[in-house]
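J.: Sharing a structure below in structure tokens format, with a few things to ask.
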Amino acid sequence: MQLTIGNKIRELRRREGRTQEMLADALGVTSQAVSRWESGGSYPDMEIVPAIANYFGVSIDHLFGYDNDRQIKITAILEKAHEYNLRYRNDGIWFDECLVLLRNGLAEFPGNESIMIELAETLCEAGWRRCGERLYYDEQGFLQHDHLRHLNNAYWDESIRICEHLAEQTSIADIRTRATGILVMLYRNIGQYEKAIAHANAMPTIQQSREYLLADGTDGQQQARYIGEFLLCCAKEFAEQMIFGLIVNRAHFDSDMPIEKVKGAIANFYLVCDDKNMGEYHDFVAKLYLYLSRLQYARGYCDDAFSSLDMALEHEKAYEALFDGCEHSLTAPLVSFVRFTPDHVKGAVKDLADEWPFWCYPDFSDIEDQIKADPRWVEWANRLQA
């Protein structure tokens with residue numbers, strides 16, 4: 001410890017352009033004392049260590065050279081939390097273990113913002129899995145969240161408290177963005193729209209987003225890559241908002257209009273990836289086809305519905321084929337410089353039947369009974385296990 005703190009004091013003093021005398025005067029000690037610290041002949045009294053750290057604007061851990069050990073431990077906690085893969089599991093049985101891991105991490109490293117936001121995101125997911133996100137259509141046919149029932153969601157309450165603190169206190173842009181995203185969604189869920197809107201209004205516009213600015217701030221092949229990534233990201237976000245726009249008003253489903261809109265959303269991917277190589281986005285397009293099949297069957301286009309299920313299977317197989325641990329490239333002209341390495345779990349194809357129709361509104365229980373009674377469903381579901 002003597003050598004470590006002495007070397008660190010000398011390193012910081014020289015970095016700041018300070019003399020031993022200047023440091024000694026600031027601390028109320030002799031310059032000989034500072035010299036002995038730096039040479040390893042002695043070390044500061046523990047009572048003066050906070051003043052030394054404050055003088056150089058560093059943490060006490062940094063002064064003692066503990067930063068690396070601390071960061072290694074924090075990284076290990078976060079990696080272990082990610083290994084639970086909670087957002088992609090269907091069983092929901094690992095939340096308690098993950099929450100204990102993160103709470104213990106905060107006990108060891110109080111106020112660590114990386115662990116705090118991970119805990120907030122895990123609590124948000126646990127609240128949805130354990131308590132449910134309950135929605136209904138009001139008398140005018142518009143989708144509403146069951147605010148009163150959501151008020152009793154203890155997981156969401158704790159997540160909100162953590163995120164409010166982070167949104168106000170953190171200086172790390174990514175953590176603030178993640179915290180704000182949670183707050184907007186959860187305040188919406190419990191009916192506190194003014195708070196949700198206030199947090200949303202504090203965020204950048206689309207033109208100030210990372211994806212847009214990366215494309216705007218580069219040129220050559222690098223710009224070509226970022227533009228390709230931006231187009232694919234926009235196609236996905238556009239499709240999701242299109243579907244939410246349909247779902248929010250039940251009256252939309254009294255016609256074939258939703259079918260045409262979802263087809264249009266799918267067409268955007270074929271427009272960008274005109275050679276049909278969609279890389280990671282094969283998975284999302286497969287989900288769009290699942291929902292399209294539900295819409296088509298409900299409107300009596302049963303043959304079209306099973307054609308859409310076949311397309312979902314085709315895209316999910318293409319997605320699953322990417323899991324070879326290698327980096328992949330897209331090949332269509334507008335996205336030919338896009339690179340990616342998939343990081344999801346395998347088994348996507350066999351899960352398609354369980355995920356159908358992916359977006360669950362309006363209520364699809366009657367349609368589910370009908371389509372799954374169709375012999376073609378059994379044949380399709382069997383192909384998923386092949």
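Here, A, B, ... name the chains of the structure tokens in the order displayed, residue numbers run from 1 inside each chain, and ligands are numbered from 1 in the same displayed order.
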So that I can see what lies close to stretch 180-187 of chain A, please list as a PyMOL selection string the residues with an atom at most 10 Å from it, counting only C-alpha atoms and leaving out residues fewer than 4 positions away in the same chain.
T.: chain A and resi 117+120-121+124+147+150-151+156-157+159-164+166-168+174-176+191-203
J.: Apply DSSP to the backbone of this structure and, from stretch 142-290 of chain A, keep only the residues in strand (DSSP E or B); write these as a list in words.
T.: Phe142, Leu143, Gln144, His145 and Asn249 of chain A
J.: Once you count only C-alpha atoms, what closest atom pair and distance in Å to one decimal does each residue of stretch 296-315 of chain A within 10 Å of stretch 252-271 of chain A have, with rows by chain and rising residue number, as JSON lines?
T.:
```
{"residue": "A:Gln296", "atom": "CA", "partner": "A:Ile259", "partner_atom": "CA", "distance": 6.7}
{"residue": "A:Ala298", "atom": "CA", "partner": "A:Phe253", "partner_atom": "CA", "distance": 9.3}
{"residue": "A:Arg299", "atom": "CA", "partner": "A:Asp256", "partner_atom": "CA", "distance": 7.2}
```
J.: Give me the residues within 7 Å of stretch 291-293 of chain A as a compact mmCIF listing (two decimals) with C-alpha atoms, in the first residue's frame, counting only C-alpha atoms and dropping any in the same chain fewer than 4 places off.
T.:
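Output below, filename out.txt:
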```txt
# COMPACT_ATOMS: atom_id res chain seq x y z
CA ILE A 259 -53.45 -6.19 -43.49
CA VAL A 262 -48.47 -4.59 -42.19
CA LYS A 287 -42.61 -11.60 -36.35
CA TYR A 297 -57.12 -15.46 -40.88
CA ALA A 305 -52.51 -16.66 -43.57
CA PHE A 306 -50.66 -19.93 -44.03
CA SER A 308 -47.52 -15.77 -44.23
CA LEU A 309 -46.71 -18.47 -41.69
CA PRO A 357 -49.10 -13.82 -33.23
CA PHE A 358 -46.41 -11.80 -31.36
CA TRP A 359 -48.51 -8.60 -31.02
```
J.: Determine which residues of stretch 149-241 of chain A DSSP labels as helix (DSSP H, G or I) from the backbone of this structure, then write them out as a ChimeraX atom specification.
T.: /A:149-150,154-169,173-189,193-201,206-208,210-216,220-241
J.: Write out as a count of residues only the residues lying within 12 Å of stretch 320-334 of chain A, counting only C-alpha atoms and excluding same-chain residues fewer than 5 positions away.
T.: 44
J.: Near A:Ala126, within 9 Å and counting only C-alpha atoms, which residues show up once chain neighbours fewer than 3 positions away are dropped, as an MDAnalysis selection string?
T.: chainID A and resid 86 92 95:96 121:123 129:131 155:156
